[in-house]
$ cat final_17.cif   # mmCIF, C-alpha atoms
data_entry
loop_
_atom_site.label_atom_id
_atom_site.label_comp_id
_atom_site.auth_asym_id
_atom_site.auth_seq_id
_atom_site.Cartn_x
_atom_site.Cartn_y
_atom_site.Cartn_z
CA MET W 13 115.77 202.67 170.55
CA ALA W 14 119.33 203.32 171.51
CA LEU W 15 120.38 204.44 168.04
CA LEU W 16 117.82 207.23 168.03
CA ARG W 17 118.88 208.32 171.51
CA LEU W 18 122.48 208.52 170.39
CA SER W 19 121.70 210.57 167.33
CA ARG W 20 119.58 212.96 169.35
CA SER W 21 122.22 213.56 171.99
CA LEU W 22 124.91 214.40 169.48
CA PRO W 23 123.14 216.35 166.80
CA GLY W 24 126.19 216.68 164.63
CA LEU W 25 127.02 212.98 164.55
CA LEU W 26 125.77 210.92 161.67
CA VAL W 27 124.88 207.45 162.67
CA GLU W 28 124.23 204.82 160.08
CA THR W 29 121.22 202.80 160.93
CA SER W 30 122.37 199.42 159.82
CA SER W 31 122.78 196.29 161.83
CA THR W 32 126.55 196.29 161.51
CA ILE W 33 128.76 197.33 164.38
CA PHE W 34 129.39 201.04 164.47
CA GLN W 35 132.00 203.05 166.35
CA ARG W 36 130.70 205.20 169.12
CA ASN W 37 132.49 208.07 170.73
CA ILE W 38 130.35 208.33 173.83
CA SER W 39 130.02 206.04 176.75
CA VAL W 40 126.78 204.19 177.05
CA SER W 41 125.45 202.98 180.33
CA ALA W 42 122.47 200.77 180.83
CA VAL W 43 119.89 200.27 183.48
CA ALA W 44 120.11 196.89 185.12
CA ALA W 45 117.27 196.07 187.38
CA ALA W 46 115.43 192.91 188.24
CA ILE W 47 112.19 192.01 186.53
CA GLN W 48 108.95 193.73 187.44
CA LYS W 49 105.69 194.68 185.77
CA MET W 50 105.97 196.07 182.27
CA THR W 51 109.52 194.88 181.66
CA ARG W 52 110.18 193.52 178.23
CA VAL W 53 111.69 190.07 178.38
CA ARG W 54 113.27 187.67 175.99
CA VAL W 55 111.78 184.22 175.58
CA VAL W 56 114.58 181.70 175.22
CA ASP W 57 112.95 178.37 174.53
CA ASN W 58 111.91 176.99 171.16
CA SER W 59 108.16 177.30 171.63
CA SER W 60 106.18 178.70 168.72
CA LEU W 61 104.53 181.28 170.97
CA GLY W 62 107.85 182.66 172.03
CA ASN W 63 109.50 182.70 168.64
CA THR W 64 106.95 183.98 166.18
CA PRO W 65 107.52 187.69 165.62
CA TYR W 66 104.91 190.10 166.87
CA HIS W 67 104.81 193.86 166.77
CA ARG W 68 105.05 194.11 170.55
CA PRO W 69 107.70 192.43 172.64
CA PRO W 70 106.49 190.14 175.44
CA ARG W 71 105.96 192.12 178.62
CA VAL W 72 105.60 191.06 182.21
CA ILE W 73 102.23 191.92 183.64
CA HIS W 74 102.44 190.29 187.04
CA VAL W 75 105.19 188.86 189.18
CA TYR W 76 104.26 186.05 191.56
CA THR W 77 106.31 187.10 194.56
CA LYS W 78 105.53 189.01 197.72
CA ASN W 79 107.10 192.19 196.45
CA GLY W 80 106.66 192.77 192.79
CA VAL W 81 110.31 192.14 191.96
CA GLY W 82 111.27 189.05 190.05
CA LYS W 83 114.63 187.36 190.31
CA VAL W 84 115.90 184.09 188.84
CA GLY W 85 113.51 181.29 189.64
CA ASP W 86 110.39 183.39 190.09
CA LYS W 87 107.24 182.82 188.10
CA VAL W 88 105.75 185.73 186.19
CA LEU W 89 102.78 186.33 183.98
CA LEU W 90 103.57 187.54 180.47
CA ALA W 91 101.47 189.10 177.78
CA ILE W 92 102.58 187.53 174.50
CA LYS W 93 100.76 187.93 171.20
CA GLY W 94 97.66 189.08 172.97
CA GLN W 95 97.55 186.11 175.31
CA LYS W 96 98.53 185.63 178.91
CA LYS W 97 101.14 183.00 179.66
CA ARG W 98 103.08 182.05 182.73
CA ALA W 99 106.84 181.95 182.57
CA LEU W 100 109.90 181.30 184.70
CA ILE W 101 112.74 183.79 184.95
CA VAL W 102 116.08 182.20 184.15
CA GLY W 103 118.38 185.18 184.05
CA HIS W 104 118.27 188.90 184.48
CA LYS W 105 120.52 191.85 183.90
CA MET W 106 120.76 192.79 187.54
CA PRO W 107 124.06 191.81 189.13
CA ARG W 108 123.76 189.23 191.86
CA ASP W 109 126.43 188.56 194.42
CA CYS W 110 129.85 188.03 192.96
CA MET W 111 130.57 184.62 191.36
CA SER W 112 127.02 184.10 190.12
CA PRO W 113 126.13 184.47 186.48
CA ARG W 114 124.63 187.70 185.20
CA PHE W 115 122.98 187.78 181.82
CA ASP W 116 122.91 190.50 179.20
CA SER W 117 119.20 190.09 178.66
CA ASN W 118 116.25 189.24 180.84
CA ASN W 119 115.60 185.65 179.90
CA VAL W 120 112.40 183.81 180.48
CA VAL W 121 111.11 180.29 179.72
CA LEU W 122 107.41 179.79 178.99
CA ILE W 123 105.55 177.42 181.27
CA GLU W 124 102.07 175.96 181.30
CA ASP W 125 99.75 176.22 184.25
CA ASN W 126 100.70 172.78 185.47
CA GLY W 127 104.40 173.61 185.42
CA ASN W 128 105.40 171.82 182.23
CA PRO W 129 107.58 173.90 179.92
CA THR W 130 105.91 174.96 176.67
CA GLY W 131 109.02 174.63 174.54
CA THR W 132 111.10 171.52 174.22
CA ARG W 133 114.66 172.82 174.09
CA ILE W 134 116.56 175.78 175.50
CA LYS W 135 119.69 176.89 173.74
CA VAL W 136 120.67 179.72 176.06
CA PRO W 137 122.79 178.85 179.13
CA ILE W 138 120.78 178.29 182.28
CA PRO W 139 122.20 178.95 185.74
CA THR W 140 122.76 175.81 187.76
CA HIS W 141 121.95 177.44 191.08
CA LEU W 142 118.29 176.98 190.10
CA ARG W 143 118.66 173.45 191.34
CA GLN W 144 119.44 174.49 194.88
CA MET W 145 116.64 176.98 195.06
CA GLU W 146 113.71 176.01 197.20
CA GLY W 147 110.12 176.46 196.32
CA GLY W 148 109.83 175.66 192.66
CA ASP W 149 110.00 172.88 190.16
CA TYR W 150 113.09 173.66 188.20
CA SER W 151 114.10 170.14 187.25
CA LYS W 152 111.91 170.20 184.18
CA VAL W 153 113.49 173.37 182.86
CA LEU W 154 116.97 172.02 183.65
CA ALA W 155 116.13 168.80 181.84
CA ILE W 156 115.39 170.55 178.55
CA ALA W 157 118.35 172.91 178.78
CA SER W 158 121.34 172.25 176.59
CA SER W 159 123.98 174.33 178.31
CA PHE W 160 124.56 175.33 181.89
CA VAL W 161 126.39 178.19 183.46
CA MET M 21 105.56 146.65 207.51
CA ASN M 22 104.94 146.18 203.87
CA ILE M 23 107.41 148.85 202.86
CA LEU M 24 110.16 147.28 204.95
CA CYS M 25 109.67 143.87 203.37
CA ARG M 26 109.70 145.32 199.88
CA SER M 27 112.84 147.29 200.46
CA ARG M 28 114.60 144.28 201.93
CA LEU M 29 113.63 142.39 198.80
CA LEU M 30 115.23 145.11 196.71
CA ILE M 31 118.42 145.06 198.68
CA SER M 32 118.70 141.29 198.45
CA LEU M 33 118.17 141.52 194.68
CA VAL M 34 121.02 143.98 194.46
CA CYS M 35 123.38 141.79 196.46
CA ARG M 36 122.59 138.71 194.46
CA SER M 37 123.28 140.38 191.15
CA SER M 38 126.51 141.93 192.33
CA SER M 39 127.91 138.42 192.83
CA LEU M 40 126.72 137.48 189.34
CA LEU M 41 128.52 140.49 187.94
CA GLU M 42 131.93 139.48 189.20
CA GLN M 43 131.70 136.30 187.17
CA LYS M 44 130.52 138.20 184.13
CA GLY M 45 133.26 140.80 184.40
CA VAL M 46 135.64 139.09 181.99
CA LEU M 47 132.98 138.43 179.39
CA LEU M 48 131.80 142.03 179.46
CA ARG M 49 135.20 143.49 178.74
CA GLY M 50 135.40 141.41 175.58
CA VAL M 51 132.12 142.85 174.37
CA SER M 52 133.29 146.40 174.92
CA ASN M 53 135.24 146.82 171.68
CA LYS M 54 132.38 145.66 169.55
CA ALA M 55 130.02 147.89 171.43
CA ARG M 56 132.14 150.92 170.83
CA CYS M 57 132.23 150.33 167.08
CA ILE M 58 128.50 150.04 167.00
CA SER M 59 128.06 153.15 169.00
CA ALA M 60 130.14 155.14 166.53
CA HIS M 61 127.42 154.68 163.95
CA LEU M 62 124.82 156.19 166.19
CA THR M 63 122.13 157.63 164.00
CA SER M 64 119.44 159.96 165.02
CA CYS M 65 116.64 157.50 164.40
CA GLN M 66 115.28 156.44 167.73
CA GLN M 67 114.84 152.80 166.81
CA HIS M 68 118.44 152.48 165.78
CA TRP M 69 119.42 154.27 168.89
CA LEU M 70 117.48 151.88 171.04
CA GLN M 71 119.01 148.89 169.31
CA THR M 72 122.55 150.07 169.79
CA ALA M 73 121.79 150.96 173.34
CA SER M 74 120.55 147.48 174.02
CA VAL M 75 123.71 145.96 172.55
CA ARG M 76 125.79 148.26 174.68
CA SER M 77 123.74 147.41 177.68
CA GLY M 78 125.54 144.10 177.76
CA PHE M 79 128.73 146.01 178.41
CA ASP M 80 127.35 148.68 180.63
CA THR M 81 125.80 146.32 183.04
CA LYS M 82 128.52 146.82 185.50
CA ARG M 83 125.79 148.05 187.69
CA CYS M 84 122.93 146.23 186.14
CA TYR M 85 120.97 143.11 186.04
CA SER M 86 121.65 141.98 182.53
CA ASP M 87 118.44 139.96 182.50
CA SER M 88 115.68 141.66 180.76
CA GLY M 89 113.46 143.35 178.63
CA GLY M 90 112.22 146.83 179.02
CA SER M 91 115.45 148.36 180.12
CA THR M 92 118.13 150.07 178.13
CA HIS M 93 121.29 151.51 179.50
CA SER M 94 123.12 154.03 177.43
CA GLU M 95 126.11 156.24 177.94
CA SER M 96 126.32 159.69 176.56
CA LYS M 97 128.60 160.28 173.59
CA ASP M 98 131.29 161.98 175.56
CA THR M 99 131.98 159.12 177.88
CA PHE M 100 133.28 156.69 175.27
CA GLU M 101 136.72 156.73 176.80
CA GLU M 102 139.67 154.39 176.84
CA GLU M 103 139.24 150.93 178.05
CA SER M 104 141.56 151.47 180.98
CA HIS M 105 139.23 154.03 182.44
CA GLU M 106 136.29 151.70 182.07
CA MET M 107 138.13 148.79 183.59
CA ASP M 108 139.03 150.85 186.59
CA ASP M 109 135.44 151.86 186.88
CA ASN M 110 134.39 148.23 186.74
CA ASN M 111 136.78 147.28 189.52
CA ARG M 112 135.74 150.21 191.62
CA ASN M 113 132.09 149.36 191.23
CA ASN M 114 132.59 145.71 192.10
CA GLY M 115 134.46 146.76 195.20
CA SER M 116 131.91 149.29 196.32
CA PHE M 117 128.91 147.04 195.86
CA SER M 118 129.47 145.06 198.97
CA GLN M 119 129.62 147.99 201.34
CA SER M 120 127.21 150.55 199.98
CA SER M 121 124.33 148.56 198.59
CA SER M 122 122.94 147.71 201.95
CA GLU M 123 122.95 151.25 203.23
CA THR M 124 122.63 154.02 200.69
CA PHE M 125 120.15 154.78 198.01
CA THR M 126 122.30 154.11 194.97
CA LEU M 127 121.43 153.82 191.32
CA ASP M 128 121.03 150.04 191.69
CA VAL M 129 118.41 150.40 194.34
CA LEU M 130 116.54 152.90 192.22
CA VAL M 131 116.65 150.74 189.11
CA SER M 132 115.53 147.65 190.93
CA LEU M 133 112.65 149.41 192.57
CA LEU M 134 111.54 150.84 189.25
CA ARG M 135 111.64 147.38 187.74
CA GLN M 136 109.66 146.05 190.60
CA GLU M 137 107.00 148.67 189.97
CA ASN M 138 106.64 147.54 186.33
CA ALA M 139 108.10 150.72 184.94
CA VAL M 140 107.90 150.88 181.17
CA ASP M 141 110.99 151.86 179.14
CA LEU M 142 113.49 152.53 181.85
CA CYS M 143 116.43 154.51 180.54
CA VAL M 144 119.52 155.41 182.57
CA ILE M 145 122.01 157.85 181.11
CA LYS M 146 125.39 158.51 182.64
CA VAL M 147 126.02 162.21 182.39
CA PRO M 148 129.65 163.15 181.71
CA ASP M 149 131.48 165.05 184.39
CA HIS M 150 131.88 168.31 182.54
CA ILE M 151 128.13 168.85 182.76
CA LYS M 152 127.90 169.79 186.38
CA TYR M 153 124.29 168.95 186.77
CA THR M 154 124.00 165.39 187.95
CA GLU M 155 125.65 162.01 187.51
CA TYR M 156 122.79 159.84 186.37
CA PHE M 157 119.75 160.88 184.42
CA VAL M 158 116.87 158.39 184.53
CA VAL M 159 113.74 158.57 182.40
CA VAL M 160 110.84 156.22 183.07
CA SER M 161 107.45 155.82 181.48
CA GLY M 162 104.33 154.65 183.21
CA LEU M 163 101.03 153.22 182.19
CA SER M 164 98.83 155.96 183.62
CA PRO M 165 99.16 159.14 185.71
CA ARG M 166 98.29 157.15 188.79
CA HIS M 167 101.05 154.67 188.02
CA LEU M 168 103.56 157.52 187.74
CA ARG M 169 102.48 158.98 191.01
CA ALA M 170 102.68 155.60 192.72
CA MET M 171 106.21 155.02 191.41
CA ALA M 172 107.37 158.44 192.51
CA LEU M 173 105.91 158.05 195.97
CA TYR M 174 107.39 154.60 196.36
CA ALA M 175 110.81 155.85 195.33
CA ILE M 176 110.57 158.56 197.96
CA LYS M 177 109.52 156.06 200.58
CA VAL M 178 112.48 153.83 199.90
CA TYR M 179 114.79 156.82 199.87
CA LYS M 180 113.51 157.98 203.23
CA PHE M 181 113.96 154.52 204.63
CA LEU M 182 117.54 154.25 203.43
CA LYS M 183 118.78 157.76 203.99
CA LYS M 184 120.92 158.89 206.84
CA ASP M 185 120.33 161.98 208.90
CA GLY M 186 122.39 164.52 207.00
CA GLU M 187 120.68 164.18 203.67
CA PRO M 188 117.92 166.54 202.62
CA ASN M 189 114.38 165.43 201.93
CA ILE M 190 113.21 165.06 198.40
CA LYS M 191 110.41 167.07 196.89
CA ILE M 192 108.31 165.74 194.03
CA GLU M 193 108.37 168.39 191.34
CA GLY M 194 105.37 168.54 189.09
CA LYS M 195 102.90 167.10 191.55
CA ASP M 196 99.99 168.85 189.87
CA ALA M 197 101.12 168.02 186.34
CA GLU M 198 99.79 164.56 185.80
CA ASP M 199 101.99 163.65 182.85
CA TRP M 200 105.46 164.62 184.03
CA MET M 201 106.97 164.32 187.49
CA CYS M 202 110.56 164.71 188.63
CA LEU M 203 112.58 163.58 191.58
CA ASP M 204 115.96 165.12 192.17
CA PHE M 205 118.23 163.06 194.39
CA GLY M 206 121.49 165.02 194.15
CA HIS M 207 123.57 162.64 192.10
CA MET M 208 120.53 161.24 190.26
CA VAL M 209 117.54 162.81 188.61
CA VAL M 210 114.49 160.71 187.73
CA HIS M 211 111.76 161.80 185.37
CA PHE M 212 108.43 159.98 185.29
CA MET M 213 106.52 160.73 182.11
CA LEU M 214 103.68 159.34 180.10
CA PRO M 215 104.74 157.86 176.73
CA GLU M 216 103.13 160.71 174.78
CA THR M 217 104.96 163.34 176.81
CA ARG M 218 108.16 161.43 176.36
CA GLU M 219 107.73 161.55 172.59
CA VAL M 220 107.26 165.30 172.68
CA TYR M 221 110.28 166.15 174.77
CA GLU M 222 112.72 163.37 173.76
CA LEU M 223 114.91 163.87 176.79
CA GLU M 224 117.00 160.80 176.11
CA LYS M 225 118.05 162.20 172.77
CA LEU M 226 119.04 165.49 174.30
CA TRP M 227 121.07 163.95 177.06
CA THR M 228 122.90 161.41 174.93
CA LEU M 229 123.61 163.59 171.93
CA ARG M 230 124.32 166.76 173.84
CA ALA M 231 125.12 169.30 171.17
CA PHE M 232 124.08 167.16 168.20
CA ASP M 233 120.45 166.90 169.15
CA GLU M 234 117.95 167.31 166.33
CA GLN M 235 115.60 169.69 168.01
CA LEU M 236 118.45 171.96 169.00
CA LYS M 237 119.65 172.08 165.43
CA ARG M 238 116.20 172.98 164.26
CA ILE M 239 116.14 176.11 166.41
CA PRO M 240 117.09 178.93 164.04
CA ALA M 241 120.16 180.96 164.96
CA GLU M 242 119.52 184.02 167.08
CA VAL M 243 119.62 187.40 165.44
CA LEU M 244 120.65 190.18 167.80
CA PRO M 245 118.19 193.07 167.91
CA GLU M 246 119.23 196.26 166.16
CA ASP M 247 119.71 198.27 169.29
CA PHE M 248 121.77 195.69 171.11
CA ILE M 249 124.90 197.22 172.59
CA LEU M 250 127.78 194.96 173.49
CA ASP M 251 129.94 195.68 176.52
CA VAL M 252 127.61 198.10 178.09
CA GLU M 253 128.66 199.48 181.47
CA LEU M 254 126.26 199.15 184.33
CA THR M 255 125.35 202.02 186.57
CA LYS M 256 125.93 201.03 190.17
#
$ encode --input "final_17.cif" --output "structure tokens"
Amino acid sequence: MALLRLSRSLPGLLVETSSTIFQRNISVSAVAAAIQKMTRVRVVDNSSLGNTPYHRPPRVIHVYTKNGVGKVGDKVLLAIKGQKKRALIVGHKMPRDCMSPRFDSNNVVLIEDNGNPTGTRIKVPIPTHLRQMEGGDYSKVLAIASSFV
Amino acid sequence: MNILCRSRLLISLVCRSSSLLEQKGVLLRGVSNKARCISAHLTSCQQHWLQTASVRSGFDTKRCYSDSGGSTHSESKDTFEEESHEMDDNNRNNGSFSQSSSETFTLDVLVSLLRQENAVDLCVIKVPDHIKYTEYFVVVSGLSPRHLRAMALYAIKVYKFLKKDGEPNIKIEGKDAEDWMCLDFGHMVVHFMLPETREVYELEKLWTLRAFDEQLKRIPAEVLPEDFILDVELTK
């Protein structure tokens, strides 16, 4: 957790562990890579599987691309609540070329094996360049999205 | 041969109704005020919604065959604009009918072919311009998975017949899912679903009441995780 890392690096600094915003006197930099095996992802649809709390965050266990790197529009296999589920990546922290949206969290939408989305609504903004991408059925995910980027 | 005859039938249907529409133009504008008042009381109950949509369909049939059961036309909440805008739209549509209906795959061609295929519950939604996804969002039900597949394949056939060289081919999305298939023609998106699937997803509700949709409201507000850091700088 980032709070623990901060308190360890500056042993004299007292950090209050509350969920309110705290002032920091150090610069924090984050890793921003695409999605690969063992990355923790955030499920953004309103399915019950994605939203019920569990003691482990959903992790990617396999990426269905030639190299094991997942970008927006790639299908992955997640381990959620002890089950395996396929999902579609709809945003990642890695910067793409300029003038395309970059997200602050690795977002994923759960999908069944036949391609139908598991949830029925998506509140988080979805990139519209998914529509131009070849090789996948993105219209279903775009149809249940409520905001576009 | 068969496909050519059927598509010529479609095109002749379209031309015939466009002449009907010019006569009905004056009558439709009179209905518009009443329709807008009714639409203001749009409730979230689907039956009420369908009723109001069918009343409005009298007005919105600038591109439609006002005969008939089984079809509802509805406009999304954001496009209830001033009458002047709608009148211009009416004039523009009447003008464009004569040239484009014989050549391009417009909404009229799509709607008439879906009617011809006995599509159940055809619903066309005009998406407002600030949503840069598509212009028209069509949802259709079918009687069985085979019916859905047949409708989708027929739509593609007609599209291929009417398209010109520059336009891309259309892929059926969801070919292996038997209850939900999509076709994305640029300015139009068509979804073929079974009635049960349609009840689960309620796409018409989402696309007409954009932010006021019930299912969206039921999603609890997101709580940021404790270690979330805003404005974090990325290492290059």
$ interface_residues --input "final_17.cif" --of "chain W" --to "chain M" --cutoff "8 Å" --atoms "all atoms listed in the file" --output "list of chain:residue names"
W:Met13, W:Ala14, W:Leu15, W:Ser30, W:Ser31, W:Val40, W:Ser41, W:Ala42, W:Val43, W:Ala44, W:Asn58, W:Asn126, W:Gly127, W:Asn128, W:Thr132, W:Arg133, W:Ile134, W:Lys135, W:Thr140, W:Gly148, W:Asp149, W:Tyr150, W:Ser151, W:Lys152, W:Ala155, W:Ile156, W:Ser158, W:Phe160
$ residues_around --input "final_17.cif" --residues "Arg54 in chain W" --least-positions-apart "6" --cutoff "7 Å" --atoms "all atoms listed in the file" --output "ChimeraX atom specification"
/W:117-120
$ closest_residue --input "final_17.cif" --among "M:Tyr179, M:Phe232, M:Phe212, M:Phe125" --to "Pro165 in chain M" --atoms "all atoms listed in the file"
M:Phe212
$ atom_distance --input "final_17.cif" --atom1 "CA of Phe115 in chain W" --atom2 "CA of Leu142 in chain W"
14.4 Å
$ closest_residue --input "final_17.cif" --among "M:Met171, M:Leu229, M:Val243, M:Met213" --to "Val131 in chain M" --atoms "only C-alpha atoms"
M:Met171
$ resolve_selection --input "final_17.cif" --expression "the PyMOL selection byres ((chain W and resi 59) around 8)" --output "PyMOL selection string"
chain W and resi 57-58+60-63+122+130-132
$ write_last_selection --input "final_17.cif" --atoms "C-alpha atoms" --output "PDB file, in the coordinates of the input"
ATOM      1  CA  ASP W  57     112.950 178.370 174.530  1.00  0.00           C
ATOM      2  CA  ASN W  58     111.910 176.990 171.160  1.00  0.00           C
ATOM      3  CA  SER W  60     106.180 178.700 168.720  1.00  0.00           C
ATOM      4  CA  LEU W  61     104.530 181.280 170.970  1.00  0.00           C
ATOM      5  CA  GLY W  62     107.850 182.660 172.030  1.00  0.00           C
ATOM      6  CA  ASN W  63     109.500 182.700 168.640  1.00  0.00           C
ATOM      7  CA  LEU W 122     107.410 179.790 178.990  1.00  0.00           C
ATOM      8  CA  THR W 130     105.910 174.960 176.670  1.00  0.00           C
ATOM      9  CA  GLY W 131     109.020 174.630 174.540  1.00  0.00           C
ATOM     10  CA  THR W 132     111.100 171.520 174.220  1.00  0.00           C
TER      11      THR W 132
END
$ residues_near_point --input "final_17.cif" --point "(101.1, 192.0, 164.1)" --cutoff "12 Å" --atoms "all atoms listed in the file" --output "PDB file with C-alpha atoms, in the coordinates of the input"
ATOM      1  CA  THR W  64     106.950 183.980 166.180  1.00  0.00           C
ATOM      2  CA  PRO W  65     107.520 187.690 165.620  1.00  0.00           C
ATOM      3  CA  TYR W  66     104.910 190.100 166.870  1.00  0.00           C
ATOM      4  CA  HIS W  67     104.810 193.860 166.770  1.00  0.00           C
ATOM      5  CA  ARG W  68     105.050 194.110 170.550  1.00  0.00           C
ATOM      6  CA  PRO W  69     107.700 192.430 172.640  1.00  0.00           C
ATOM      7  CA  ILE W  92     102.580 187.530 174.500  1.00  0.00           C
ATOM      8  CA  LYS W  93     100.760 187.930 171.200  1.00  0.00           C
ATOM      9  CA  GLY W  94      97.660 189.080 172.970  1.00  0.00           C
TER      10      GLY W  94
END
$ atom_distance --input "final_17.cif" --atom1 "CA of Asp86 in chain W" --atom2 "CA of Asn189 in chain M"
21.9 Å
$ atom_distance --input "final_17.cif" --atom1 "CA of Lys225 in chain M" --atom2 "CA of Lys146 in chain M"
12.8 Å
